[in-house]
Amino acid sequence: MSAAATPRRIWLCADDYGISPGVNRAIRDLIERGRLNATSVMMVGPAIARSEIEGLQAAAKTSPRCALGLHVTLSAPFRPLTMHFRPLDGDMFLAFPKLLRAGLMRRLDSEFFRNEVKTQLAAFAEAFGRAPDFVDGHQHVQLFPQIRDGFVDAVGEVARKAWVRQGGRDLPLAKRLASPKALVLDTLSAQFRRRAGSAGLSFNPAFAGAYDFTRAADFGALMRQFIDGLPDGGLVMCHPGFVDDVLAGLDPMTDVREREHAYLASDAFVQLLADRHVTLA
């Protein structure tokens, strides 16, 4: 095969392993089918028992190039692993809009976040017997001002060989302006890349996967948009899952997860990868 015909290899990463048994089961199913090659684990989630860890490890063995990462979680309705963490809302992290505003107003202490990220990294290492392959953040908290300083410092100290996830797209400006949510991620990610680069950490060259989760979107059409133009090594974020009571009690993303799972498990997704000359292998 000529160099020109070499397929692009991308990362397709399922977030939120550990948020509920139904989400865990859906992610393992897709890994075993070869439809995912990365997932990130919430060590503060309610579905992180030993059996769930062993189930993920068993699924990953069927796909040797599947990367397992830490999904750093610093927003409500979850709770910190470290004592005396601040700021809190009762005993929970702040909701992510409040957290972002506090960071933009420079009202956070990055040391609290550095210690919490280090503790979540240690919890991952204890559960899996090794450091994560990569580190990202629930609701993109790793990109937030001040939080990113604690995040980068913690990963640099504890898991220096792991790559970190940035959320910036590799698209012309006209296309980037079409999605306000993704444009915010572009801006925050430019600052995050500078901070991570100065610490000697590697990161994905481009990102896709952000969309309005509250609308019943055509996920197949969205996936085509995500993949088109994504460079080799780029990453698509996804959130497949099966809805259960645990998920419904924690997160507004419910039915959308089942739609994502159905598409990723379908022959149409396999055909899309072939048509776009993209591989997860």
# chains A, B, ... in the order shown; residues from 1 in each chain; ligands from 1

$ residues_around --residues "Lys61 of chain A" --least-positions-apart "6" --cutoff "12 Å" --atoms "only C-alpha atoms" --output "VMD selection string"
chain A and resid 28 31 to 34 37 54 to 55 67 to 68

$ residues_around --residues "segment 190-198 of chain A" --least-positions-apart "3" --cutoff "6 Å" --atoms "only C-alpha atoms" --output "list in words"
Leu143, Thr187 and Leu201 of chain A

$ closest_residue --among "A:Ser110, A:Thr254, A:Ser75, A:Thr279" --to "Phe213 of chain A" --atoms "only C-alpha atoms"
A:Thr254

$ closest_residue --among "A:Ala26, A:Val135, A:Ile19, A:Ala76" --to "Phe203 of chain A" --atoms "only C-alpha atoms"
A:Val135

$ residues_around --residues "segment 115-117 of chain A" --least-positions-apart "6" --cutoff "7 Å" --atoms "only C-alpha atoms" --output "PyMOL selection string"
chain A and resi 72+80-82+151+154

$ write_last_selection --atoms "N, CA and C atoms" --output "JSON list (two decimals), in the first residue's frame"
[["chain", "number", "residue", "atom", "x", "y", "z"],
["A", 72, "VAL", "N", -10.89, 12.89, 34.45],
["A", 72, "VAL", "CA", -10.84, 13.73, 35.65],
["A", 72, "VAL", "C", -12.19, 14.43, 35.83],
["A", 80, "PRO", "N", -15.42, 15.23, 45.68],
["A", 80, "PRO", "CA", -13.96, 15.07, 45.62],
["A", 80, "PRO", "C", -13.48, 13.87, 46.44],
["A", 81, "LEU", "N", -12.30, 13.39, 46.07],
["A", 81, "LEU", "CA", -11.64, 12.33, 46.83],
["A", 81, "LEU", "C", -10.75, 12.90, 47.92],
["A", 82, "THR", "N", -10.34, 14.16, 47.77],
["A", 82, "THR", "CA", -9.45, 14.77, 48.76],
["A", 82, "THR", "C", -10.25, 15.50, 49.84],
["A", 151, "PHE", "N", -4.27, 20.85, 36.80],
["A", 151, "PHE", "CA", -4.38, 19.63, 36.01],
["A", 151, "PHE", "C", -3.04, 19.28, 35.37],
["A", 154, "ALA", "N", -0.38, 18.25, 37.89],
["A", 154, "ALA", "CA", -0.61, 16.92, 38.45],
["A", 154, "ALA", "C", -0.22, 15.83, 37.47]]

$ residues_around --residues "Ser266 of chain A" --least-positions-apart "3" --cutoff "12 Å" --atoms "only C-alpha atoms" --output "ChimeraX atom specification"
/A:30,33-35,219-220,259-263,269-273

$ select_by_dssp --residues "segment 20-183 of chain A" --states "strand (DSSP E)" --output "PyMOL selection string"
chain A and resi 38-41+67-72+88-89+92-93+134-137+163-164

$ residues_around --residues "Gly18 of chain A" --least-positions-apart "2" --cutoff "9 Å" --atoms "only C-alpha atoms" --output "ChimeraX atom specification"
/A:16,20-21,23-24,40-49,52-53

$ atom_distance --atom1 "atom CA of Asn204 of chain A" --atom2 "atom CA of Gly234 of chain A"
5.8 Å
